[in-house]
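Visitor: The structure file run.tsv (TSV, C-alpha atoms and all ligand atoms) is provided below.
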chain	number	residue	atom	x	y	z
A	1	ALA	CA	2.03	-73.53	52.93
A	2	GLN	CA	2.17	-75.86	55.88
A	3	ASP	CA	-1.15	-76.40	57.57
A	4	GLY	CA	-0.68	-76.05	61.33
A	5	GLY	CA	3.06	-75.95	60.61
A	6	LYS	CA	5.78	-75.15	63.08
A	7	LEU	CA	5.64	-71.66	64.52
A	8	PRO	CA	8.84	-69.60	64.44
A	9	ALA	CA	10.37	-68.93	67.90
A	10	TYR	CA	9.27	-65.30	68.12
A	11	ALA	CA	5.67	-66.40	67.55
A	12	SER	CA	5.76	-69.67	69.50
A	13	TRP	CA	3.03	-68.35	71.82
A	14	LYS	CA	0.48	-68.33	68.96
A	15	ASP	CA	-2.26	-70.91	68.37
A	16	ALA	CA	-0.75	-73.19	65.72
A	17	ASP	CA	-4.12	-74.87	65.03
A	18	ASP	CA	-5.61	-71.58	63.84
A	19	LEU	CA	-2.69	-70.53	61.65
A	20	ILE	CA	-1.18	-71.44	58.29
A	21	VAL	CA	2.61	-71.05	58.41
A	22	HIS	CA	3.63	-69.85	54.94
A	23	THR	CA	7.21	-68.98	56.02
A	24	ASP	CA	8.91	-67.88	59.27
A	25	GLN	CA	7.89	-64.32	58.42
A	26	THR	CA	4.38	-64.90	57.10
A	27	LEU	CA	1.64	-66.58	59.14
A	28	GLU	CA	-1.99	-66.53	58.07
A	29	THR	CA	-5.16	-66.94	60.16
A	30	LYS	CA	-7.35	-69.78	58.93
A	31	ARG	CA	-10.60	-68.59	57.39
A	32	ALA	CA	-12.75	-70.77	59.65
A	33	ALA	CA	-10.90	-69.44	62.73
A	34	GLN	CA	-11.94	-65.88	61.87
A	35	GLY	CA	-15.53	-67.03	62.48
A	36	ASP	CA	-17.75	-64.29	63.83
A	37	ALA	CA	-15.22	-62.84	66.26
A	38	LEU	CA	-15.64	-59.15	67.10
A	39	VAL	CA	-11.93	-58.92	67.88
A	40	THR	CA	-9.21	-61.24	66.59
A	41	PRO	CA	-7.44	-62.88	69.55
A	42	SER	CA	-3.74	-61.99	69.53
A	43	SER	CA	-2.91	-65.71	69.43
A	44	ASP	CA	-4.71	-65.97	66.06
A	45	LEU	CA	-3.58	-62.71	64.43
A	46	TYR	CA	-1.56	-63.05	61.21
A	47	ILE	CA	2.07	-61.96	60.96
A	48	ARG	CA	3.83	-60.38	58.04
A	49	ASN	CA	7.46	-59.33	58.46
A	50	ASN	CA	9.46	-57.86	55.59
A	51	LEU	CA	12.64	-58.28	57.67
A	52	PRO	CA	13.39	-60.69	60.50
A	53	ALA	CA	11.89	-59.45	63.79
A	54	PRO	CA	14.34	-57.72	66.17
A	55	SER	CA	15.53	-59.47	69.34
A	56	GLU	CA	13.25	-59.81	72.40
A	57	ASP	CA	15.71	-57.48	74.17
A	58	ILE	CA	13.81	-54.50	72.79
A	59	VAL	CA	10.75	-55.32	74.89
A	60	ALA	CA	12.69	-55.88	78.14
A	61	ASP	CA	12.14	-52.27	79.24
A	62	ARG	CA	9.22	-51.02	77.18
A	63	ASP	CA	8.87	-47.60	78.76
A	64	ALA	CA	12.52	-46.85	77.97
A	65	TRP	CA	12.03	-47.29	74.19
A	66	GLU	CA	12.89	-44.01	72.53
A	67	VAL	CA	11.51	-42.48	69.35
A	68	GLN	CA	13.14	-39.70	67.33
A	69	PHE	CA	10.71	-37.01	66.21
A	70	GLU	CA	11.65	-34.91	63.21
A	71	GLY	CA	9.93	-32.30	61.08
A	72	PHE	CA	8.16	-30.59	63.99
A	73	ALA	CA	8.69	-27.00	65.17
A	74	ASN	CA	10.47	-28.38	68.27
A	75	PRO	CA	11.77	-31.81	67.28
A	76	GLY	CA	13.45	-34.17	69.73
A	77	SER	CA	13.19	-37.62	71.20
A	78	MET	CA	10.72	-39.07	73.66
A	79	THR	CA	10.40	-42.35	75.52
A	80	VAL	CA	7.26	-44.48	75.67
A	81	GLY	CA	7.10	-43.66	79.39
A	82	GLU	CA	6.91	-39.95	78.58
A	83	MET	CA	4.36	-40.47	75.81
A	84	LYS	CA	2.03	-42.23	78.27
A	85	THR	CA	1.73	-38.99	80.25
A	86	LEU	CA	0.75	-36.90	77.22
A	87	GLY	CA	-2.42	-38.57	76.05
A	88	VAL	CA	-4.14	-41.89	75.54
A	89	GLU	CA	-6.82	-43.15	73.17
A	90	THR	CA	-8.18	-46.52	72.05
A	91	VAL	CA	-9.07	-47.34	68.46
A	92	VAL	CA	-10.39	-50.58	67.00
A	93	CYS	CA	-9.24	-51.17	63.46
A	94	VAL	CA	-8.66	-53.78	60.84
A	95	LEU	CA	-5.03	-54.69	60.28
A	96	GLN	CA	-4.86	-56.11	56.78
A	97	CYS	CA	-1.92	-56.88	54.51
A	98	SER	CA	-1.96	-55.25	51.08
A	99	GLY	CA	-1.73	-58.71	49.55
A	100	ASN	CA	-4.67	-60.23	51.43
A	101	GLY	CA	-6.80	-62.00	48.79
A	102	ARG	CA	-3.81	-62.42	46.47
A	103	ALA	CA	-4.40	-66.20	46.26
A	104	PHE	CA	-7.75	-65.59	44.56
A	105	PHE	CA	-6.33	-63.91	41.47
A	106	ASP	CA	-6.07	-66.15	38.41
A	107	HIS	CA	-2.66	-64.89	37.36
A	108	GLU	CA	0.57	-65.94	39.02
A	109	THR	CA	1.82	-63.56	41.70
A	110	SER	CA	4.97	-63.54	43.79
A	111	GLY	CA	4.60	-63.11	47.54
A	112	SER	CA	2.66	-65.08	50.14
A	113	GLN	CA	-0.49	-66.62	48.76
A	114	TRP	CA	-2.80	-65.05	51.31
A	115	ALA	CA	-6.47	-65.99	51.04
A	116	THR	CA	-8.56	-64.15	53.66
A	117	GLY	CA	-6.34	-64.55	56.70
A	118	ALA	CA	-3.85	-61.70	56.40
A	119	ALA	CA	-6.39	-59.61	58.29
A	120	GLY	CA	-7.70	-59.20	61.81
A	121	ASN	CA	-9.70	-56.74	63.89
A	122	VAL	CA	-7.55	-55.36	66.67
A	123	VAL	CA	-7.91	-53.01	69.67
A	124	TRP	CA	-5.00	-50.56	69.95
A	125	THR	CA	-4.24	-48.12	72.76
A	126	GLY	CA	-1.66	-45.38	72.61
A	127	VAL	CA	-1.00	-41.68	72.24
A	128	PRO	CA	-2.59	-39.79	69.34
A	129	VAL	CA	0.03	-38.47	66.92
A	130	ARG	CA	-1.79	-35.11	66.84
A	131	VAL	CA	-1.24	-34.77	70.59
A	132	LEU	CA	2.48	-35.43	70.14
A	133	ALA	CA	2.56	-32.94	67.28
A	134	GLU	CA	0.95	-30.30	69.48
A	135	ALA	CA	3.47	-30.97	72.24
A	136	MET	CA	6.24	-30.38	69.71
A	137	GLY	CA	4.85	-27.08	68.44
A	138	GLY	CA	3.18	-28.43	65.33
A	139	ALA	CA	4.54	-29.27	61.89
A	140	ALA	CA	7.63	-27.56	60.52
A	141	GLU	CA	7.00	-25.71	57.27
A	142	GLY	CA	6.26	-27.54	54.03
A	143	ARG	CA	5.57	-30.99	55.53
A	144	GLN	CA	3.21	-33.22	53.56
A	145	TRP	CA	3.91	-36.74	54.72
A	146	LEU	CA	3.86	-38.67	57.97
A	147	THR	CA	6.85	-41.00	57.79
A	148	GLY	CA	7.52	-43.90	60.18
A	149	THR	CA	10.74	-45.94	60.36
A	150	GLY	CA	10.89	-49.53	61.63
A	151	GLY	CA	13.34	-50.50	64.37
A	152	GLU	CA	14.97	-53.47	62.65
A	153	GLU	CA	18.77	-53.61	62.47
A	154	ILE	CA	19.88	-53.04	58.90
A	155	PRO	CA	22.53	-55.61	57.92
A	156	ALA	CA	25.94	-53.88	57.61
A	157	GLY	CA	27.02	-53.03	54.09
A	158	LEU	CA	23.50	-52.72	52.68
A	159	PRO	CA	22.26	-49.29	51.63
A	160	PRO	CA	19.45	-48.73	54.19
A	161	GLU	CA	16.91	-47.54	51.66
A	162	THR	CA	16.97	-50.91	49.89
A	163	VAL	CA	15.69	-52.84	52.92
A	164	GLN	CA	14.53	-50.38	55.60
A	165	VAL	CA	10.85	-50.63	56.42
A	166	GLU	CA	9.98	-46.96	56.20
A	167	ARG	CA	6.63	-45.72	54.93
A	168	SER	CA	5.08	-42.33	54.37
A	169	VAL	CA	1.34	-41.62	54.40
A	170	PRO	CA	-0.37	-38.33	53.51
A	171	ILE	CA	-0.05	-35.98	56.49
A	172	ASP	CA	-3.82	-35.74	57.08
A	173	ALA	CA	-3.68	-39.33	58.39
A	174	MET	CA	-2.02	-37.74	61.43
A	175	GLU	CA	-5.47	-36.76	62.71
A	176	ARG	CA	-6.33	-40.38	63.48
A	177	ALA	CA	-2.95	-42.11	63.77
A	178	ILE	CA	-1.70	-43.27	67.16
A	179	LEU	CA	1.53	-44.66	68.56
A	180	ALA	CA	0.31	-47.79	70.32
A	181	TRP	CA	1.88	-49.60	73.27
A	182	GLU	CA	-1.11	-51.85	73.91
A	183	MET	CA	-2.81	-54.40	71.66
A	184	ASN	CA	-6.00	-56.23	72.70
A	185	GLY	CA	-5.49	-55.05	76.28
A	186	GLU	CA	-1.87	-56.20	76.68
A	187	PRO	CA	1.54	-54.72	75.89
A	188	VAL	CA	2.07	-55.02	72.11
A	189	PRO	CA	3.89	-58.34	71.53
A	190	LEU	CA	7.25	-58.06	69.78
A	191	ALA	CA	5.80	-60.01	66.83
A	192	HIS	CA	3.27	-57.23	66.31
A	193	GLY	CA	5.61	-54.30	66.77
A	194	GLY	CA	6.19	-53.86	70.50
A	195	PRO	CA	7.29	-51.85	72.38
A	196	LEU	CA	5.61	-49.21	70.17
A	197	ARG	CA	3.79	-49.33	66.86
A	198	LEU	CA	2.41	-46.71	64.50
A	199	ILE	CA	-1.27	-47.39	63.79
A	200	VAL	CA	-2.88	-45.59	60.87
A	201	PRO	CA	-6.56	-46.60	61.07
A	202	GLY	CA	-8.07	-47.40	57.68
A	203	TYR	CA	-4.69	-47.83	55.99
A	204	PHE	CA	-3.24	-51.12	54.71
A	205	GLY	CA	-0.96	-53.11	57.03
A	206	VAL	CA	2.32	-51.98	55.52
A	207	ASN	CA	1.76	-48.41	56.75
A	208	ASN	CA	1.51	-49.57	60.38
A	209	ILE	CA	5.19	-49.48	61.28
A	210	LYS	CA	6.31	-51.92	63.99
A	211	TYR	CA	8.97	-51.16	66.63
A	212	ILE	CA	8.86	-47.59	65.42
A	213	LYS	CA	12.10	-45.73	66.11
A	214	ARG	CA	11.55	-42.51	64.14
A	215	LEU	CA	8.42	-40.53	63.31
A	216	ALA	CA	8.95	-37.64	60.95
A	217	LEU	CA	6.88	-35.08	59.14
A	218	THR	CA	8.59	-34.92	55.78
A	219	ALA	CA	8.32	-32.82	52.63
A	220	ASP	CA	8.63	-35.89	50.41
A	221	GLN	CA	7.79	-39.56	50.58
A	222	SER	CA	10.43	-41.86	52.05
A	223	PRO	CA	13.25	-42.76	49.63
A	224	ALA	CA	12.96	-46.40	50.82
A	225	LYS	CA	12.32	-48.99	48.14
A	226	ILE	CA	9.25	-50.20	50.06
A	227	GLN	CA	7.74	-46.74	49.45
A	228	GLN	CA	9.10	-45.78	46.04
A	229	THR	CA	8.54	-48.97	44.05
A	230	GLY	CA	7.09	-51.50	46.50
A	231	TYR	CA	3.36	-51.63	47.32
A	232	ARG	CA	2.46	-49.87	44.05
A	233	VAL	CA	-0.58	-51.02	42.09
A	234	ARG	CA	0.26	-51.55	38.42
A	235	PRO	CA	-0.70	-53.76	35.49
A	236	ILE	CA	0.72	-57.28	35.25
A	237	GLY	CA	4.31	-57.28	33.99
A	238	VAL	CA	4.98	-53.63	34.85
A	239	GLU	CA	7.71	-52.56	37.35
A	240	GLY	CA	6.80	-50.49	40.39
A	241	ASP	CA	7.32	-46.74	40.26
A	242	PRO	CA	6.29	-43.73	42.36
A	243	SER	CA	3.71	-42.50	39.84
A	244	GLN	CA	1.48	-45.52	40.53
A	245	PRO	CA	-1.09	-45.64	43.36
A	246	SER	CA	0.41	-46.70	46.70
A	247	MET	CA	-1.33	-49.09	49.11
A	248	PHE	CA	-2.75	-46.44	51.41
A	249	LYS	CA	-6.48	-46.50	52.23
A	250	MET	CA	-8.30	-49.82	52.45
A	251	SER	CA	-11.57	-50.39	50.67
A	252	VAL	CA	-14.90	-51.96	51.54
A	253	LYS	CA	-14.65	-55.75	51.78
A	254	SER	CA	-16.25	-58.84	53.31
A	255	TRP	CA	-15.96	-62.59	53.23
A	256	ILE	CA	-17.84	-65.59	54.52
A	257	THR	CA	-16.08	-67.57	57.25
A	258	GLY	CA	-18.61	-70.39	57.61
A	259	PRO	CA	-19.83	-72.73	56.39
A	260	LEU	CA	-16.89	-73.19	54.03
A	261	GLU	CA	-17.32	-76.75	52.70
A	262	LYS	CA	-20.38	-78.62	53.95
A	263	ALA	CA	-23.71	-77.99	55.64
A	264	SER	CA	-26.84	-79.96	56.47
A	265	ALA	CA	-29.95	-79.26	54.41
A	266	GLY	CA	-32.50	-76.95	56.03
A	267	LYS	CA	-31.81	-73.81	58.03
A	268	VAL	CA	-28.14	-72.90	57.83
A	269	GLN	CA	-26.37	-70.10	59.65
A	270	ILE	CA	-24.02	-68.32	57.27
A	271	HIS	CA	-21.55	-65.94	58.88
A	272	GLY	CA	-18.54	-63.81	58.07
A	273	VAL	CA	-16.86	-60.45	58.58
A	274	ALA	CA	-17.22	-57.11	56.79
A	275	MET	CA	-15.26	-53.86	56.82
A	276	GLY	CA	-15.90	-50.43	55.36
A	277	GLY	CA	-12.28	-49.44	54.72
A	278	VAL	CA	-12.30	-45.83	55.91
A	279	SER	CA	-16.04	-45.51	56.21
A	280	GLU	CA	-18.80	-46.91	58.42
A	281	LEU	CA	-20.59	-49.95	56.98
A	282	LYS	CA	-24.11	-49.56	55.68
A	283	THR	CA	-25.29	-53.00	54.59
A	284	ILE	CA	-24.08	-56.53	54.15
A	285	GLU	CA	-25.77	-58.87	51.68
A	286	VAL	CA	-25.39	-62.61	51.23
A	287	SER	CA	-26.09	-64.70	48.15
A	288	THR	CA	-26.57	-68.45	48.18
A	289	ASP	CA	-26.78	-68.77	44.39
A	290	GLY	CA	-23.46	-67.34	43.25
A	291	GLY	CA	-24.65	-63.76	43.06
A	292	GLU	CA	-27.95	-64.19	41.16
A	293	THR	CA	-29.98	-62.98	44.13
A	294	TRP	CA	-29.00	-61.29	47.40
A	295	ALA	CA	-30.54	-61.10	50.89
A	296	GLU	CA	-29.63	-58.58	53.56
A	297	ALA	CA	-27.75	-60.15	56.48
A	298	ARG	CA	-27.45	-58.70	60.01
A	299	PHE	CA	-24.43	-57.30	61.72
A	300	LEU	CA	-23.61	-58.94	65.04
A	301	GLY	CA	-22.58	-57.05	68.16
A	302	PRO	CA	-21.60	-53.42	68.64
A	303	ASP	CA	-20.35	-51.10	65.91
A	304	MET	CA	-16.79	-50.30	66.97
A	305	GLY	CA	-16.28	-47.43	64.54
A	306	PRO	CA	-15.48	-46.84	60.89
A	307	TYR	CA	-12.14	-48.67	60.90
A	308	ALA	CA	-13.28	-51.85	62.65
A	309	TRP	CA	-14.77	-54.89	61.02
A	310	ARG	CA	-18.23	-56.21	61.90
A	311	PRO	CA	-19.20	-59.86	62.02
A	312	PHE	CA	-22.45	-60.67	60.23
A	313	ALA	CA	-24.89	-63.57	59.94
A	314	LEU	CA	-27.82	-64.73	57.85
A	315	ILE	CA	-29.97	-67.76	58.44
A	316	ALA	CA	-30.90	-69.24	55.08
A	317	ASP	CA	-32.95	-72.26	54.04
A	318	LEU	CA	-30.72	-74.39	51.85
A	319	PRO	CA	-31.91	-77.47	49.94
A	320	ALA	CA	-29.48	-80.31	49.26
A	321	GLY	CA	-27.07	-79.59	46.42
A	322	GLU	CA	-24.12	-77.39	45.55
A	323	HIS	CA	-24.37	-73.75	46.63
A	324	THR	CA	-22.04	-70.85	45.96
A	325	LEU	CA	-22.12	-68.53	48.96
A	326	ALA	CA	-21.00	-64.94	48.51
A	327	SER	CA	-21.13	-61.74	50.55
A	328	ARG	CA	-21.13	-58.14	49.43
A	329	ALA	CA	-20.63	-55.16	51.74
A	330	THR	CA	-21.67	-51.57	51.10
A	331	ALA	CA	-20.18	-48.71	53.11
A	332	ALA	CA	-21.90	-45.52	54.25
A	333	ASP	CA	-19.95	-43.60	51.60
A	334	GLY	CA	-22.00	-45.55	49.04
A	335	LEU	CA	-19.17	-47.76	47.78
A	336	SER	CA	-19.80	-51.51	47.40
A	337	GLN	CA	-17.49	-54.40	46.73
A	338	PRO	CA	-17.05	-54.91	42.98
A	339	GLU	CA	-17.83	-58.28	41.43
A	340	ASP	CA	-14.18	-58.54	40.34
A	341	PHE	CA	-11.14	-56.52	41.35
A	342	PRO	CA	-8.72	-55.90	38.48
A	343	PRO	CA	-5.71	-58.23	38.48
A	344	ASN	CA	-2.45	-56.38	39.11
A	345	GLU	CA	1.25	-57.24	39.17
A	346	ARG	CA	1.65	-57.97	42.90
A	347	GLY	CA	-1.91	-59.09	43.54
A	348	TYR	CA	-2.78	-56.22	45.88
A	349	GLY	CA	-6.11	-54.99	47.15
A	350	ASN	CA	-8.43	-57.83	46.10
A	351	ASN	CA	-11.94	-57.07	47.38
A	352	GLY	CA	-13.98	-58.66	44.59
A	353	TRP	CA	-16.98	-60.56	45.97
A	354	ARG	CA	-16.87	-63.31	43.35
A	355	ALA	CA	-13.27	-64.25	44.13
A	356	HIS	CA	-14.14	-64.54	47.84
A	357	ALA	CA	-17.21	-66.78	47.29
A	358	VAL	CA	-17.20	-70.36	48.60
A	359	ASP	CA	-18.70	-73.55	47.14
A	360	VAL	CA	-20.57	-75.49	49.80
A	361	THR	CA	-22.07	-78.96	49.51
A	362	VAL	CA	-25.40	-79.19	51.32
A	363	SER	CA	-26.68	-82.69	52.07
B	1	LIG	N1	6.81	-52.80	60.31
B	1	LIG	C1	8.11	-53.16	60.37
B	1	LIG	N2	8.95	-52.48	61.16
B	1	LIG	N3	8.62	-54.19	59.64
B	1	LIG	C2	7.80	-54.89	58.76
B	1	LIG	O1	8.29	-55.80	58.12
B	1	LIG	N4	5.59	-55.16	57.78
B	1	LIG	C3	4.39	-54.43	57.44
B	1	LIG	C4	3.72	-53.81	58.67
B	1	LIG	N5	4.67	-53.09	59.48
B	1	LIG	C5	6.45	-54.51	58.65
B	1	LIG	C6	5.98	-53.45	59.49
B	1	LIG	C7	3.38	-55.24	56.70
B	1	LIG	S1	3.57	-55.41	55.01
B	1	LIG	C8	2.24	-55.69	57.29
B	1	LIG	S2	0.99	-56.37	56.38
B	1	LIG	C9	2.00	-55.47	58.76
B	1	LIG	O2	3.12	-54.84	59.41
B	1	LIG	C10	1.73	-56.81	59.41
B	1	LIG	O3	1.52	-56.65	60.78
B	1	LIG	P1	1.44	-57.91	61.75
B	1	LIG	O4	1.38	-57.34	63.13
B	1	LIG	O5	0.15	-58.63	61.43
B	1	LIG	O6	2.59	-58.79	61.49
B	1	LIG	MO1	1.52	-56.13	54.19
B	1	LIG	O7	0.67	-54.67	53.59
Do you think you could lay out the structure here as structure tokens?

Guide:
Amino acid sequence: AQDGGKLPAYASWKDADDLIVHTDQTLETKRAAQGDALVTPSSDLYIRNNLPAPSEDIVADRDAWEVQFEGFANPGSMTVGEMKTLGVETVVCVLQCSGNGRAFFDHETSGSQWATGAAGNVVWTGVPVRVLAEAMGGAAEGRQWLTGTGGEEIPAGLPPETVQVERSVPIDAMERAILAWEMNGEPVPLAHGGPLRLIVPGYFGVNNIKYIKRLALTADQSPAKIQQTGYRVRPIGVEGDPSQPSMFKMSVKSWITGPLEKASAGKVQIHGVAMGGVSELKTIEVSTDGGETWAEARFLGPDMGPYAWRPFALIADLPAGEHTLASRATAADGLSQPEDFPPNERGYGNNGWRAHAVDVTVS
């Protein structure tokens, strides 16, 4: 990882000081930069591309971008311009890579060594998928999955299913999914899936298909490798296969974003961010002694719904010495972060509070 490394051309507009450039296709937000922000500024939001981003040409005429709809009673195609006249909704939700927290596992994992920064809280505006479905006469018979296909060009000669970014989520996610043309109040940047992106609130990043070109209700999950064997949680050393859990719904999680290294003895403001996964948050606790004792912290600012994160803060009295600061969120559905999340082959889904703790020197 290069600290403040060179941004790739398609993301040159980002704030290099707030990002860790792992590769041209993987950029991570620095933990300190996440701070106590209600919404992650677009210039700080992480990027994860499984394939090189398409050319800027595709955002030259955004309203002309066309999506194929399949698996509806009256399937067809529709442009973004047409979609804008059907319905519009705004949802705030956490965008988080399945591998966020991978760097905290003890075992060796392939893939970007994300710590906390493959996540952000983002405002999306677009047309609800259920409104589109209604306009197309509802689901065709026997459909169980909502399948989105990315708009990247597939290199000639490669069987599409080996590289195509195509993901299916259970069809009930349709009730809250949107096709978004706006991100944080501006047209969705190409780097984040413009002209149009599928947003499935509460679901891991991989399910939020960028530059979506096809949205289908399907009887089966996509045959793409990224669905069948990729993003499957399995024990270390085991290959991916469709019988294993897929990275669908996110779980309750939090982490401290400051202080991260040093603080002055006395009253210290400890802050961070917390998310409920698919549920509202109930409480957020902070420990300054490595999890021996916990105090309830306060959420900051408005609650922007079950899929958004909430910044939190606690003012604690810290004597000089070494302190291990940890946070533990509990959602309204009663689930709390575990102390440790089980290690798994690709290092997915880490929400263990111990792994996310920080050692701070107070003097
Ligand atoms: N989409 C498309 N089209 N392509 C690609 O590559 N990736 C994924 C999602 N979507 C892709 C898509 C992932 S994997 C993620 S995380 C996300 O996206 C990210 O986002 P951004 O905007 O941040 O970059 Mo992992 O689970």

Visitor: Rounded to one decimal, what separation in Å do you get between CA of Gln144 in chain A and CA of Val131 in chain A?

Guide: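 Calculated distance between CA of Gln144 in chain A and CA of Val131 in chain A is 17.7 Å.
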
Visitor: Return the single residue from A:Ile226, A:Val165, A:Ile154, A:Val59 that is closest to ligand LIG 1 (chain B), with distances computed using all atoms listed in the file.

Guide: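 For ligand LIG 1 (chain B), the nearest of the candidates is A:Val165.
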
Visitor: Report the closest atom pair, with its distance in Å rounded to one decimal, for each residue of range 126-239 of chain A that has an atom no farther than 12 Å from range 83-89 of chain A; count all atoms listed in the file, sort by chain and then rising residue number, and write it as a tab-separated table.

Guide:
residue	atom	partner	partner_atom	distance
A:Gly126	CA	A:Val88	CA	5.2
A:Val127	CA	A:Val88	CA	4.6
A:Pro128	CA	A:Glu89	CA	6.6
A:Val129	CA	A:Gly87	CA	9.5
A:Arg130	CA	A:Gly87	CA	9.9
A:Val131	CA	A:Gly87	CA	6.8
A:Leu132	CA	A:Leu86	CA	7.4
A:Ala133	CA	A:Leu86	CA	10.9
A:Glu134	CA	A:Leu86	CA	10.2
A:Ala135	CA	A:Leu86	CA	8.2
A:Met136	CA	A:Leu86	CA	11.4
A:Arg176	CA	A:Glu89	CA	10.1
A:Ala177	CA	A:Glu89	CA	10.2
A:Ile178	CA	A:Glu89	CA	7.9
A:Leu179	CA	A:Met83	CA	8.8
A:Ala180	CA	A:Glu89	CA	9.0
A:Trp181	CA	A:Lys84	CA	8.9
A:Glu182	CA	A:Glu89	CA	10.4
A:Leu196	CA	A:Met83	CA	10.5
A:Ile199	CA	A:Glu89	CA	11.7

Visitor: Produce as a compact mmCIF listing (two decimals) with C-alpha atoms, in the frame of the given file the set of residues near ligand LIG 1 (chain B), where near means within 6 Å with all atoms listed in the file considered.

Guide:
# COMPACT_ATOMS: atom_id res chain seq x y z
CA TYR A 46 -1.56 -63.05 61.21
CA ILE A 47 2.07 -61.96 60.96
CA ARG A 48 3.83 -60.38 58.04
CA ASN A 49 7.46 -59.33 58.46
CA ASN A 50 9.46 -57.86 55.59
CA LEU A 51 12.64 -58.28 57.67
CA GLN A 96 -4.86 -56.11 56.78
CA CYS A 97 -1.92 -56.88 54.51
CA SER A 98 -1.96 -55.25 51.08
CA GLY A 150 10.89 -49.53 61.63
CA GLY A 151 13.34 -50.50 64.37
CA VAL A 165 10.85 -50.63 56.42
CA HIS A 192 3.27 -57.23 66.31
CA PHE A 204 -3.24 -51.12 54.71
CA GLY A 205 -0.96 -53.11 57.03
CA VAL A 206 2.32 -51.98 55.52
CA ASN A 208 1.51 -49.57 60.38
CA ILE A 209 5.19 -49.48 61.28
CA LYS A 210 6.31 -51.92 63.99
CA TYR A 211 8.97 -51.16 66.63

Visitor: For each of A:Val273, A:Glu108, A:Arg214, A:Gly35, take the minimum atom-to-atom distance to Pro75 in chain A, counting only C-alpha atoms, then give the residue where this is smallest.

Guide: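 Result for the nearest residue to Pro75 in chain A: A:Arg214.
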
Visitor: How far is it from CA of Gly258 in chain A to CA of Asp24 in chain A, in Å with one decimal?

Guide: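 Taking CA of Gly258 in chain A and CA of Asp24 in chain A, their separation equals 27.7 Å.
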
Visitor: Using all atoms listed in the file, determine which residues lie at most 12 Å from Pro8 in chain A, disregarding the query and same-chain residues fewer than 3 positions distant; provide the list as a PyMOL selection string.

Guide: chain A and resi 4-5+11-16+19-27+47+49+52-53+191

Visitor: Could you tell me how far CA of Glu28 in chain A lies from CA of Leu95 in chain A, in Å and to one decimal?

Guide: 12.4 Å

Visitor: Considering only C-alpha atoms, state which residue in the set A:Ala263, A:Val94, A:Val358, A:Val200 is at the smallest distance from Arg31 in chain A.

Guide: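 The shortest atom-to-atom distance to Arg31 in chain A comes from A:Val358.
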
Visitor: Excluding Asp359 in chain A and its own-chain neighbours fewer than 2 positions away, which residues fall within 8 Å of it when counting only C-alpha atoms? Please give them as a list in words.

Guide: Leu260, Glu261, Glu322, His323, Thr324, Leu325, Ala357 and Thr361 of chain A

Visitor: Could you dump the residues just selected with C-alpha atoms as a PDB file, in the frame of the given file?

Guide:
ATOM      1  CA  LEU A 260     -16.890 -73.190  54.030  1.00  0.00           C
ATOM      2  CA  GLU A 261     -17.320 -76.750  52.700  1.00  0.00           C
ATOM      3  CA  GLU A 322     -24.120 -77.390  45.550  1.00  0.00           C
ATOM      4  CA  HIS A 323     -24.370 -73.750  46.630  1.00  0.00           C
ATOM      5  CA  THR A 324     -22.040 -70.850  45.960  1.00  0.00           C
ATOM      6  CA  LEU A 325     -22.120 -68.530  48.960  1.00  0.00           C
ATOM      7  CA  ALA A 357     -17.210 -66.780  47.290  1.00  0.00           C
ATOM      8  CA  THR A 361     -22.070 -78.960  49.510  1.00  0.00           C
TER       9      THR A 361
END

Visitor: Near range 280-284 of chain A, within 9 Å and counting all atoms listed in the file, which residues show up once chain neighbours fewer than 6 positions away are dropped, as a PyMOL selection string?

Guide: chain A and resi 252+254+274+295-299+303+305-310+312+327-334

Visitor: Counting all atoms listed in the file, which residue out of A:Pro311, A:Pro201, A:Gly157, A:Gly349 sits closest to Phe104 in chain A?

Guide: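 Comparing A:Pro311, A:Pro201, A:Gly157, A:Gly349 against Phe104 in chain A, the winner is A:Gly349.
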
Visitor: Considering only C-alpha atoms, can you say which of A:Gly148, A:Gly81, A:Pro195, A:Gly290 comes closest to Asp57 in chain A?

Guide: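 Nearest candidate to Asp57 in chain A out of A:Gly148, A:Gly81, A:Pro195, A:Gly290: A:Pro195.
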
Visitor: Which is closest to Ala313 in chain A among A:Gly272, A:Pro342, A:Gly120, A:Gly291, if we use all atoms listed in the file?

Guide: A:Gly272
